[in-house]
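Student: Below is my_file.cif; it holds mmCIF, C-alpha atoms and all ligand atoms.
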```
data_target
loop_
_atom_site.label_atom_id
_atom_site.label_comp_id
_atom_site.auth_asym_id
_atom_site.auth_seq_id
_atom_site.Cartn_x
_atom_site.Cartn_y
_atom_site.Cartn_z
CA MET T 1 0.00 0.00 0.00
CA LEU T 2 1.28 3.47 -0.91
CA ASN T 3 1.89 6.05 1.83
CA PRO T 4 -0.84 8.60 2.38
CA VAL T 5 -0.65 11.76 0.25
CA LYS T 6 0.34 14.79 2.33
CA VAL T 7 -1.66 17.95 1.97
CA GLY T 8 -0.65 21.43 3.16
CA ILE T 9 -3.37 24.00 3.80
CA LEU T 10 -2.96 27.78 3.60
CA GLY T 11 -5.64 29.22 5.88
CA LEU T 12 -7.55 27.42 8.63
CA GLY T 13 -10.58 29.70 8.71
CA THR T 14 -14.14 28.65 7.94
CA VAL T 15 -13.42 26.68 4.77
CA GLY T 16 -10.00 25.47 5.89
CA GLY T 17 -11.50 24.14 9.12
CA GLY T 18 -14.34 22.50 7.18
CA THR T 19 -11.82 20.86 4.86
CA VAL T 20 -9.80 19.33 7.72
CA SER T 21 -13.02 18.16 9.42
CA VAL T 22 -14.33 16.43 6.30
CA LEU T 23 -10.95 14.85 5.48
CA GLN T 24 -10.67 13.48 9.03
CA ARG T 25 -14.29 12.39 9.49
CA ASN T 26 -14.55 10.64 6.12
CA ALA T 27 -10.94 9.44 5.96
CA GLU T 28 -11.81 5.80 5.41
CA GLU T 29 -14.41 6.46 2.73
CA ILE T 30 -12.08 8.95 1.03
CA GLU T 31 -9.22 6.42 0.96
CA ARG T 32 -11.55 3.86 -0.65
CA ARG T 33 -12.42 6.42 -3.31
CA ALA T 34 -8.95 7.89 -3.91
CA GLY T 35 -7.00 4.65 -3.69
CA ARG T 36 -4.67 6.26 -1.14
CA GLY T 37 -4.99 7.84 2.25
CA ILE T 38 -5.01 11.64 2.35
CA VAL T 39 -3.70 13.49 5.41
CA VAL T 40 -3.29 17.15 6.24
CA SER T 41 0.33 17.24 7.34
CA HIS T 42 0.95 21.02 7.43
CA ALA T 43 -1.21 24.09 7.80
CA CYS T 44 -0.59 27.81 8.00
CA ALA T 45 -2.89 29.71 10.31
CA LYS T 46 -2.69 33.09 12.00
CA GLU T 47 -4.43 31.92 15.13
CA LEU T 48 -6.52 28.93 16.11
CA ASN T 49 -9.63 28.67 18.26
CA ARG T 50 -9.53 26.33 21.22
CA ASN T 51 -12.64 24.28 20.50
CA LEU T 52 -11.94 23.05 17.02
CA PRO T 53 -14.21 20.36 15.53
CA TYR T 54 -11.12 18.53 14.24
CA SER T 55 -7.80 17.28 15.59
CA THR T 56 -4.55 19.17 15.03
CA ASP T 57 -2.43 16.43 16.67
CA GLU T 58 -0.91 15.21 13.40
CA ILE T 59 -0.72 18.65 11.73
CA VAL T 60 2.38 20.85 11.84
CA ILE T 61 0.85 24.29 12.34
CA THR T 62 2.89 27.31 11.27
CA THR T 63 2.33 31.01 10.81
CA GLN T 64 4.66 31.10 7.80
CA LEU T 65 3.13 30.39 4.39
CA ASP T 66 6.55 29.43 3.03
CA ASP T 67 6.79 26.58 5.58
CA VAL T 68 3.94 24.92 3.69
CA VAL T 69 4.63 25.78 0.05
CA ASN T 70 8.35 24.99 0.33
CA ASN T 71 7.93 21.82 2.36
CA PRO T 72 9.24 18.85 0.37
CA GLU T 73 6.78 16.45 2.06
CA VAL T 74 3.70 18.36 0.91
CA GLU T 75 2.39 17.14 -2.46
CA ILE T 76 -0.81 19.18 -2.66
CA VAL T 77 -1.13 22.80 -1.51
CA VAL T 78 -4.69 23.88 -0.71
CA GLU T 79 -5.10 27.66 -0.81
CA LEU T 80 -7.99 28.83 1.38
CA MET T 81 -6.62 32.15 2.53
CA GLY T 82 -8.38 34.42 0.01
CA GLY T 83 -7.13 37.65 -1.54
CA THR T 84 -5.37 38.02 -4.84
CA THR T 85 -1.87 39.20 -3.98
CA THR T 86 -0.18 36.88 -1.47
CA ALA T 87 -2.45 34.02 -2.55
CA ARG T 88 -1.24 34.43 -6.14
CA ASP T 89 2.41 34.52 -5.05
CA MET T 90 1.96 31.42 -2.90
CA ILE T 91 0.19 29.45 -5.61
CA LEU T 92 2.85 30.35 -8.17
CA LYS T 93 5.54 29.37 -5.68
CA ALA T 94 3.84 26.05 -4.95
CA ILE T 95 3.60 25.38 -8.69
CA ALA T 96 7.26 26.29 -9.18
CA ASN T 97 8.03 23.78 -6.42
CA GLY T 98 6.20 21.11 -8.43
CA LYS T 99 3.18 20.88 -6.12
CA HIS T 100 -0.40 20.43 -7.20
CA VAL T 101 -2.79 23.15 -6.08
CA VAL T 102 -6.42 23.22 -4.96
CA THR T 103 -8.07 26.59 -4.39
CA ALA T 104 -11.49 28.02 -3.55
CA ASN T 105 -10.42 31.52 -4.58
CA LYS T 106 -12.83 32.83 -7.24
CA ALA T 107 -11.34 36.34 -7.44
CA LEU T 108 -7.87 34.87 -7.89
CA ILE T 109 -8.90 32.48 -10.67
CA ALA T 110 -11.02 35.14 -12.40
CA HIS T 111 -8.16 37.67 -12.38
CA HIS T 112 -5.03 35.50 -12.59
CA GLY T 113 -6.25 32.09 -13.75
CA ASN T 114 -4.77 32.38 -17.26
CA GLU T 115 -1.31 33.01 -15.78
CA ILE T 116 -1.68 30.35 -13.07
CA PHE T 117 -2.85 27.66 -15.51
CA ALA T 118 0.01 28.47 -17.91
CA ALA T 119 2.51 28.11 -15.05
CA ALA T 120 0.88 24.82 -14.00
CA ARG T 121 1.04 23.44 -17.54
CA ALA T 122 4.69 24.34 -17.80
CA LYS T 123 5.40 22.38 -14.60
CA GLY T 124 2.98 19.52 -15.37
CA VAL T 125 0.97 20.06 -12.17
CA MET T 126 -2.77 20.32 -11.56
CA VAL T 127 -4.72 23.34 -10.32
CA ALA T 128 -8.27 22.50 -9.23
CA PHE T 129 -10.87 25.12 -8.28
CA GLU T 130 -14.31 23.51 -7.95
CA ALA T 131 -15.07 25.43 -4.74
CA ALA T 132 -14.50 28.76 -6.49
CA VAL T 133 -17.97 28.69 -8.05
CA ALA T 134 -21.17 28.05 -6.11
CA GLY T 135 -19.53 26.43 -3.06
CA GLY T 136 -20.76 22.88 -2.76
CA ILE T 137 -22.42 22.55 -6.19
CA PRO T 138 -20.12 20.54 -8.49
CA ILE T 139 -20.87 22.87 -11.40
CA ILE T 140 -17.33 23.00 -12.75
CA LYS T 141 -17.18 19.23 -13.04
CA ALA T 142 -20.66 19.17 -14.57
CA ILE T 143 -19.75 21.64 -17.31
CA ARG T 144 -16.18 20.47 -17.87
CA GLU T 145 -16.89 16.75 -17.92
CA GLY T 146 -20.58 15.84 -17.65
CA LEU T 147 -21.66 18.18 -20.45
CA SER T 148 -18.56 17.92 -22.62
CA ALA T 149 -20.52 16.50 -25.57
CA ASN T 150 -22.53 19.71 -25.88
CA LYS T 151 -22.19 23.02 -27.57
CA ILE T 152 -23.24 25.08 -24.58
CA LEU T 153 -25.63 27.86 -25.56
CA TRP T 154 -26.13 29.69 -22.29
CA VAL T 155 -25.58 29.57 -18.56
CA ALA T 156 -27.64 31.52 -16.02
CA GLY T 157 -27.04 31.29 -12.31
CA ILE T 158 -27.89 32.56 -8.88
CA ILE T 159 -24.26 32.56 -7.78
CA ASN T 160 -24.26 34.95 -4.85
CA GLY T 161 -26.08 33.74 -1.75
CA THR T 162 -26.02 37.05 0.09
CA SER T 163 -27.88 38.96 -2.61
CA ASN T 164 -30.31 36.09 -3.05
CA PHE T 165 -31.00 36.15 0.69
CA ILE T 166 -31.64 39.92 0.54
CA LEU T 167 -33.99 39.69 -2.45
CA THR T 168 -35.84 36.76 -0.86
CA GLU T 169 -36.39 38.61 2.41
CA MET T 170 -37.54 41.73 0.56
CA ARG T 171 -40.13 39.70 -1.34
CA GLU T 172 -41.31 37.37 1.42
CA LYS T 173 -41.39 39.85 4.26
CA GLY T 174 -41.61 43.22 2.48
CA ARG T 175 -38.40 44.30 4.20
CA ASP T 176 -36.14 47.10 3.04
CA PHE T 177 -32.77 46.49 1.43
CA ALA T 178 -30.51 48.06 4.08
CA ASP T 179 -32.22 46.24 6.91
CA VAL T 180 -31.76 42.80 5.28
CA LEU T 181 -28.13 43.50 4.35
CA ALA T 182 -27.31 44.23 7.99
CA GLU T 183 -28.80 40.86 8.93
CA ALA T 184 -26.85 39.04 6.18
CA GLN T 185 -23.64 40.54 7.60
CA ARG T 186 -24.57 39.50 11.13
CA LEU T 187 -25.25 35.96 9.90
CA GLY T 188 -21.83 35.83 8.21
CA TYR T 189 -23.02 35.15 4.64
CA ALA T 190 -21.51 38.27 3.16
CA GLU T 191 -17.96 38.70 1.83
CA ALA T 192 -15.51 40.63 4.03
CA ASP T 193 -16.47 43.63 1.91
CA PRO T 194 -20.22 43.15 1.38
CA THR T 195 -20.26 45.54 -1.56
CA PHE T 196 -18.71 42.63 -3.48
CA ASP T 197 -21.93 40.69 -2.90
CA ILE T 198 -24.53 43.38 -3.47
CA GLU T 199 -22.77 45.17 -6.32
CA GLY T 200 -22.32 41.92 -8.26
CA ASN T 201 -18.50 41.62 -8.24
CA ASP T 202 -18.50 38.25 -6.49
CA ALA T 203 -21.02 36.89 -8.99
CA ALA T 204 -18.95 38.38 -11.84
CA HIS T 205 -15.86 36.44 -10.72
CA LYS T 206 -17.84 33.21 -10.72
CA LEU T 207 -19.49 34.03 -14.06
CA THR T 208 -16.06 34.69 -15.61
CA ILE T 209 -15.04 31.15 -14.71
CA LEU T 210 -18.31 29.59 -15.89
CA SER T 211 -18.09 31.45 -19.23
CA SER T 212 -14.61 30.12 -19.94
CA LEU T 213 -15.65 26.57 -19.11
CA ALA T 214 -18.81 26.83 -21.20
CA PHE T 215 -17.41 28.46 -24.32
CA GLY T 216 -13.69 27.73 -24.29
CA ILE T 217 -12.62 31.37 -23.99
CA PRO T 218 -9.79 32.79 -21.85
CA LEU T 219 -10.77 34.24 -18.46
CA GLN T 220 -11.73 37.89 -19.06
CA THR T 221 -13.25 39.21 -15.87
CA ASP T 222 -12.83 42.88 -16.80
CA LYS T 223 -15.30 42.37 -19.67
CA VAL T 224 -18.24 41.28 -17.50
CA TYR T 225 -21.05 43.86 -17.36
CA ILE T 226 -21.90 44.28 -13.66
CA GLU T 227 -24.97 45.82 -12.04
CA GLY T 228 -25.83 45.05 -8.41
CA ILE T 229 -29.09 44.96 -6.47
CA THR T 230 -28.74 48.18 -4.49
CA LYS T 231 -31.30 50.08 -6.55
CA ILE T 232 -34.02 47.42 -6.36
CA THR T 233 -36.99 48.84 -4.46
CA ARG T 234 -39.79 47.14 -2.58
CA GLU T 235 -42.15 48.41 -5.30
CA ASP T 236 -40.18 46.61 -8.03
CA VAL T 237 -40.26 43.41 -6.00
CA GLU T 238 -44.04 43.76 -5.57
CA TYR T 239 -44.65 44.53 -9.27
CA ALA T 240 -42.59 41.48 -10.20
CA THR T 241 -44.80 39.29 -8.01
CA SER T 242 -48.03 40.74 -9.37
CA LEU T 243 -46.83 40.16 -12.96
CA GLY T 244 -45.84 36.53 -12.26
CA TYR T 245 -42.08 37.11 -11.98
CA ARG T 246 -39.30 37.05 -9.39
CA ILE T 247 -36.29 39.35 -9.28
CA LYS T 248 -32.99 37.47 -8.98
CA LEU T 249 -29.38 38.63 -9.27
CA LEU T 250 -28.32 36.45 -12.21
CA GLY T 251 -24.97 35.82 -13.80
CA ILE T 252 -25.70 35.21 -17.48
CA ALA T 253 -23.28 33.93 -20.13
CA LYS T 254 -24.68 33.47 -23.61
CA ARG T 255 -23.32 32.51 -26.99
CA THR T 256 -24.78 34.67 -29.78
CA ALA T 257 -24.16 34.99 -33.51
CA THR T 258 -21.84 37.96 -32.92
CA GLY T 259 -20.04 37.05 -29.70
CA ILE T 260 -20.38 36.17 -26.05
CA GLU T 261 -22.55 37.98 -23.53
CA MET T 262 -21.23 38.05 -19.95
CA ARG T 263 -23.44 40.01 -17.59
CA VAL T 264 -24.45 40.17 -13.94
CA HIS T 265 -27.59 42.14 -13.11
CA PRO T 266 -30.94 41.94 -11.33
CA THR T 267 -33.26 40.03 -13.63
CA PHE T 268 -37.00 39.43 -13.88
CA ILE T 269 -37.56 35.70 -14.41
CA PRO T 270 -40.89 33.87 -14.68
CA GLN T 271 -42.03 32.62 -11.28
CA LYS T 272 -42.78 29.19 -12.76
CA ARG T 273 -39.11 28.44 -13.57
CA LEU T 274 -37.50 26.16 -10.97
CA ILE T 275 -34.61 28.59 -10.54
CA ALA T 276 -37.04 31.40 -9.68
CA ASN T 277 -37.90 29.40 -6.56
CA VAL T 278 -34.33 29.12 -5.30
CA ASP T 279 -34.53 31.26 -2.17
CA GLY T 280 -32.47 32.41 0.78
CA VAL T 281 -28.72 31.85 0.56
CA MET T 282 -29.01 28.89 -1.82
CA ASN T 283 -27.36 28.94 -5.25
CA ALA T 284 -28.50 27.39 -8.53
CA ILE T 285 -27.20 27.34 -12.08
CA VAL T 286 -29.08 26.53 -15.28
CA VAL T 287 -26.95 25.29 -18.16
CA ASN T 288 -28.41 24.93 -21.63
CA GLY T 289 -26.57 22.61 -24.04
CA ASP T 290 -27.58 21.83 -27.62
CA ALA T 291 -27.81 18.10 -26.97
CA VAL T 292 -28.98 17.90 -23.36
CA GLY T 293 -31.34 20.88 -23.34
CA THR T 294 -31.82 22.69 -20.05
CA THR T 295 -30.22 21.31 -16.87
CA LEU T 296 -30.33 22.72 -13.34
CA TYR T 297 -27.80 22.42 -10.49
CA TYR T 298 -28.85 23.47 -6.99
CA GLY T 299 -27.20 23.58 -3.58
CA ALA T 300 -25.38 25.54 -0.92
CA GLY T 301 -23.15 28.21 -2.42
CA ALA T 302 -21.15 28.90 0.74
CA GLY T 303 -20.49 27.61 4.25
CA ALA T 304 -17.72 25.56 5.83
CA GLU T 305 -18.64 21.99 4.90
CA PRO T 306 -20.51 22.59 1.63
CA THR T 307 -17.44 24.43 0.33
CA ALA T 308 -15.16 21.79 1.87
CA SER T 309 -17.16 19.18 -0.05
CA SER T 310 -15.83 20.70 -3.29
CA VAL T 311 -12.31 21.29 -1.95
CA VAL T 312 -11.99 17.67 -0.80
CA ALA T 313 -13.43 16.35 -4.08
CA ASP T 314 -10.71 18.32 -5.87
CA ILE T 315 -8.05 16.86 -3.57
CA ILE T 316 -9.35 13.35 -4.33
CA ASP T 317 -9.31 14.12 -8.07
CA VAL T 318 -5.70 15.27 -7.83
CA VAL T 319 -4.71 12.14 -5.90
CA ARG T 320 -6.42 9.90 -8.47
CA ALA T 321 -4.59 11.69 -11.30
CA LEU T 322 -1.16 11.78 -9.64
CA THR T 323 0.11 9.00 -11.85
CA SER T 324 -1.46 10.23 -15.11
CA ASP T 325 0.59 12.08 -17.73
CA PRO T 326 -0.15 15.83 -17.63
CA GLU T 327 -1.41 15.79 -21.23
CA ASN T 328 -3.99 13.13 -20.36
CA ARG T 329 -5.63 15.19 -17.61
CA VAL T 330 -8.85 17.16 -17.92
CA PRO T 331 -7.86 20.65 -19.16
CA HIS T 332 -8.20 23.47 -16.60
CA LEU T 333 -10.74 25.44 -18.63
CA ALA T 334 -12.51 22.42 -20.17
CA PHE T 335 -11.05 23.00 -23.66
CA GLN T 336 -7.50 22.22 -24.74
CA PRO T 337 -5.37 25.30 -23.99
CA ASP T 338 -4.32 25.69 -27.64
CA ALA T 339 -7.96 25.53 -28.72
CA LEU T 340 -9.34 28.48 -26.80
CA SER T 341 -11.44 30.81 -28.93
CA ASP T 342 -11.06 34.56 -29.35
CA LEU T 343 -14.80 35.18 -29.73
CA PRO T 344 -15.48 38.82 -28.78
CA ILE T 345 -17.27 39.67 -25.54
CA LEU T 346 -20.20 41.91 -26.41
CA PRO T 347 -20.63 45.30 -24.73
CA ILE T 348 -23.91 45.64 -22.83
CA GLU T 349 -25.32 47.99 -25.53
CA GLU T 350 -25.24 45.06 -27.98
CA VAL T 351 -27.02 42.63 -25.66
CA GLU T 352 -30.53 41.57 -26.66
CA THR T 353 -33.03 40.97 -23.88
CA ALA T 354 -36.52 41.91 -22.70
CA TYR T 355 -37.17 44.58 -20.05
CA TYR T 356 -39.32 45.68 -17.16
CA LEU T 357 -39.77 49.47 -17.19
CA ARG T 358 -41.27 51.54 -14.39
CA MET T 359 -41.94 55.25 -14.59
CA GLN T 360 -44.00 57.89 -12.87
CA ALA T 361 -46.47 59.66 -15.21
CA LEU T 362 -48.47 62.81 -14.57
CA ASP T 363 -52.19 62.16 -14.38
CA LYS T 364 -52.88 63.86 -17.74
CA ALA T 365 -54.50 62.74 -20.98
CA GLY T 366 -52.15 61.31 -23.60
CA VAL T 367 -49.01 60.49 -21.57
CA LEU T 368 -49.40 56.74 -21.88
CA ALA T 369 -50.02 57.12 -25.62
CA GLN T 370 -46.80 59.15 -25.95
CA VAL T 371 -44.80 56.48 -24.09
CA ALA T 372 -46.28 53.71 -26.24
CA GLY T 373 -45.54 55.81 -29.33
CA ILE T 374 -41.85 56.20 -28.42
CA LEU T 375 -41.49 52.48 -27.81
CA GLY T 376 -43.16 51.74 -31.17
CA GLN T 377 -40.91 54.21 -33.03
CA ASN T 378 -37.87 52.42 -31.59
CA GLY T 379 -39.12 49.02 -32.68
CA ILE T 380 -39.91 47.94 -29.11
CA SER T 381 -42.95 45.73 -28.76
CA ILE T 382 -44.95 45.74 -25.52
CA GLU T 383 -45.63 42.40 -23.79
CA ALA T 384 -47.66 43.72 -20.82
CA ILE T 385 -48.64 47.06 -19.36
CA LEU T 386 -49.94 48.05 -15.94
CA GLN T 387 -51.06 51.41 -14.64
CA LYS T 388 -51.73 51.94 -10.98
CA GLU T 389 -54.35 54.36 -9.70
CA PRO T 390 -52.81 57.82 -9.37
CA GLU T 391 -51.47 58.78 -5.97
CA GLY T 392 -51.55 62.56 -5.87
CA SER T 393 -50.80 64.04 -9.27
CA SER T 394 -48.98 61.07 -10.81
CA ALA T 395 -49.31 57.35 -11.37
CA ALA T 396 -46.83 54.52 -11.80
CA ILE T 397 -46.75 52.88 -15.21
CA VAL T 398 -45.11 49.49 -15.54
CA ILE T 399 -44.30 47.99 -18.93
CA LEU T 400 -42.81 44.65 -19.93
CA THR T 401 -41.24 44.66 -23.38
CA HIS T 402 -40.34 41.95 -25.84
CA LYS T 403 -36.65 41.44 -26.63
CA ILE T 404 -34.75 44.38 -28.05
CA VAL T 405 -31.09 45.33 -28.41
CA GLU T 406 -30.12 47.41 -25.37
CA LYS T 407 -28.86 50.46 -27.29
CA GLN T 408 -32.30 50.81 -28.87
CA LEU T 409 -33.95 50.66 -25.46
CA ASN T 410 -31.51 53.32 -24.21
CA ARG T 411 -32.67 55.63 -27.01
CA ALA T 412 -36.32 55.06 -26.13
CA ILE T 413 -35.69 55.67 -22.42
CA GLN T 414 -33.96 58.94 -23.21
CA SER T 415 -36.98 60.14 -25.22
CA ILE T 416 -39.43 58.96 -22.54
CA GLU T 417 -37.51 60.77 -19.79
CA SER T 418 -37.65 63.98 -21.81
CA LEU T 419 -41.47 63.91 -22.00
CA GLU T 420 -43.16 66.61 -19.94
CA GLY T 421 -45.64 64.11 -18.59
CA ILE T 422 -42.92 61.82 -17.10
CA GLU T 423 -41.43 62.59 -13.70
CA GLY T 424 -37.83 61.63 -12.96
CA LYS T 425 -35.98 58.61 -14.32
CA VAL T 426 -37.26 55.40 -15.86
CA THR T 427 -36.34 52.28 -13.86
CA ARG T 428 -35.20 49.42 -16.09
CA ILE T 429 -34.65 45.80 -15.06
CA ARG T 430 -33.70 43.21 -17.65
CA LEU T 431 -36.04 40.25 -18.12
CA GLU T 432 -35.10 36.72 -19.20
CA THR T 433 -37.60 33.95 -19.88
CA LEU T 434 -34.91 31.21 -19.59
CA ASP T 435 -37.03 28.89 -21.69
CA ARG T 436 -34.60 27.97 -24.47
N1 LIG F 1 -20.32 35.86 -0.29
C1 LIG F 1 -20.53 34.73 -1.14
C2 LIG F 1 -22.03 34.55 -1.30
C3 LIG F 1 -19.89 33.50 -0.53
O1 LIG F 1 -22.79 35.26 -0.65
O2 LIG F 1 -22.45 33.74 -2.12
C4 LIG F 1 -19.56 32.42 -1.50
O3 LIG F 1 -18.74 32.79 -2.54
#
```
Represent the structure of the file as structure tokens.

Tutor:
Amino acid sequence: MLNPVKVGILGLGTVGGGTVSVLQRNAEEIERRAGRGIVVSHACAKELNRNLPYSTDEIVITTQLDDVVNNPEVEIVVELMGGTTTARDMILKAIANGKHVVTANKALIAHHGNEIFAAARAKGVMVAFEAAVAGGIPIIKAIREGLSANKILWVAGIINGTSNFILTEMREKGRDFADVLAEAQRLGYAEADPTFDIEGNDAAHKLTILSSLAFGIPLQTDKVYIEGITKITREDVEYATSLGYRIKLLGIAKRTATGIEMRVHPTFIPQKRLIANVDGVMNAIVVNGDAVGTTLYYGAGAGAEPTASSVVADIIDVVRALTSDPENRVPHLAFQPDALSDLPILPIEEVETAYYLRMQALDKAGVLAQVAGILGQNGISIEAILQKEPEGSSAAIVILTHKIVEKQLNRAIQSIESLEGIEGKVTRIRLETLDR
């Protein structure tokens, strides 16, 4: 029997602790799966709590990252420290030392993945990152391996639990945005900087990775269009419900005739779609492939053990592949590195989608007709329209449109906002039917 594989962990926080717990608790089962024992031999941690749910007896604990990445005994370095500066340096150092790497760091892969994968290829080592997208949901494996027969047409996901929790509470309990965010922070769902959750950056990192896996394009996180949920009002949430929709912060990647769409924004989706009913902190991703049709993956997107589930699965994958030739391994970004495509990423103005529009109109004859006229002149067809009873001198008008290219909608909104009978700005939320 071969000796156990030694793993070194950078960071024993929530996910690091979960990873050690799962590796220790399921050690026997994991050995049966991997064909070898797997032990955490070294770990770098700033400080450790007293009442840990795992044993540190067999682990050499250090405060120096180099003690782990330079240790000749360690075969697999697991980066769970977060951040994109020291984490990048440590991963590159581990690779240079010929070690395989497992990471849960979405920002790092989104920003530096191309460089890290190139370094790993040059050294013939693996870099696995299942936990970087949607925590415990094995979505990377599903796209990279389970769906590899398909031409993937689009991916749409609820990939930030904090914003999903906020939108769910706003809808179910009629609560205000700021109030729910404070609770999400107290409950520990949010990123260290919660603006990353609510402004869509966290989802954009995950979408960057999903887009590369789906379409075989290099990681290009600076090209993702990002709009967060901070401007969503209780009224919008209520209108969505009364029109048969839910508002979700979606990450959408779509292949079109002219290029790839990569966008994160609040989205109206029909209430009857399964993904519309994914509530609270849960995550879900819909993947549409030309052969398989629509598939849905659901589960916990964060948390110690759900995320550890993906980290440990990656460690097992690495152990199973230790004896395979580098060229026979599953490619990092699903497609062979010399076969990545340079399809352009479309700017948001070129994206085609439907819209929810809300505006405040003076209670005067002809305003609605003027609005409808402007939409018609811009080739925008109306799917549904709703006018509330006036409150004071004005009334809310809500319109759902059919699909239109965004730049055309922008023109129409400009004309509508310049009408005398319209007060203030037009609210616009993109709408996706997610049916094909
Ligand atoms: N802050 C993230 C979320 C954690 O809310 O989904 C997982 O990446």

Student: Within 9 Å of range 367-382 of chain T, counting all atoms listed in the file, which residues show up once you throw out same-chain ones fewer than 3 positions away? Write them as a list of chain:residue names, please.

Tutor: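 Listing them by chain and then by number gives T:Ala361, T:Leu362, T:Asp363, T:Lys364, T:Ile385, T:Ile397, T:Ile399, T:Leu400, T:Thr401, T:His402, T:Lys403, T:Ile404, T:Gln408, T:Leu409, T:Arg411, T:Ala412, T:Ile413, T:Ser415, T:Ile416, T:Leu419, T:Glu420, T:Gly421, T:Ile422.
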
Student: Suppose you want the space between CA of Glu169 in chain T and CA of Glu199 in chain T; what is it in Å?

Tutor: 17.5 Å

Student: Identify, counting all atoms listed in the file, the protein, DNA and RNA residues located within 8 Å of ligand LIG 1 (chain F), and give them as JSON, numbers by chain.

Tutor: {"T": [106, 132, 133, 134, 135, 159, 160, 161, 162, 163, 164, 189, 190, 191, 194, 196, 197, 202, 203, 281, 283, 301, 302, 303]}

Student: Report, in Å with one decimal, the straight-line distance from CA of Asp325 in chain T to CA of Val7 in chain T.

Tutor: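 Going from CA of Asp325 in chain T over to CA of Val7 in chain T, I get 20.7 Å.
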
Student: Which protein, DNA or RNA residues have an atom at most 10 Å from (-36.7, 38.2, -13.3), counting all atoms listed in the file? List them as a PyMOL selection string.

Tutor: chain T and resi 237+240-241+244-250+265-271+276+355-356+429-434

Student: Considering all atoms listed in the file, can you say which of T:Leu181, T:Lys93, T:Val224, T:Asp279 comes closest to Ile158 in chain T?

Tutor: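 Smallest separation from Ile158 in chain T among the options: T:Asp279.
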
Student: Determine the axis-aligned bounding box of all atoms of range 232-235 of chain T present in the file, pad each side by 4 Å, and express its centre and edge lengths in Å to one decimal place as AutoDock Vina command-line options.

Tutor:
```
--center_x -38.1 --center_y 48.0 --center_z -4.5 --size_x 16.1 --size_y 9.7 --size_z 11.8
```
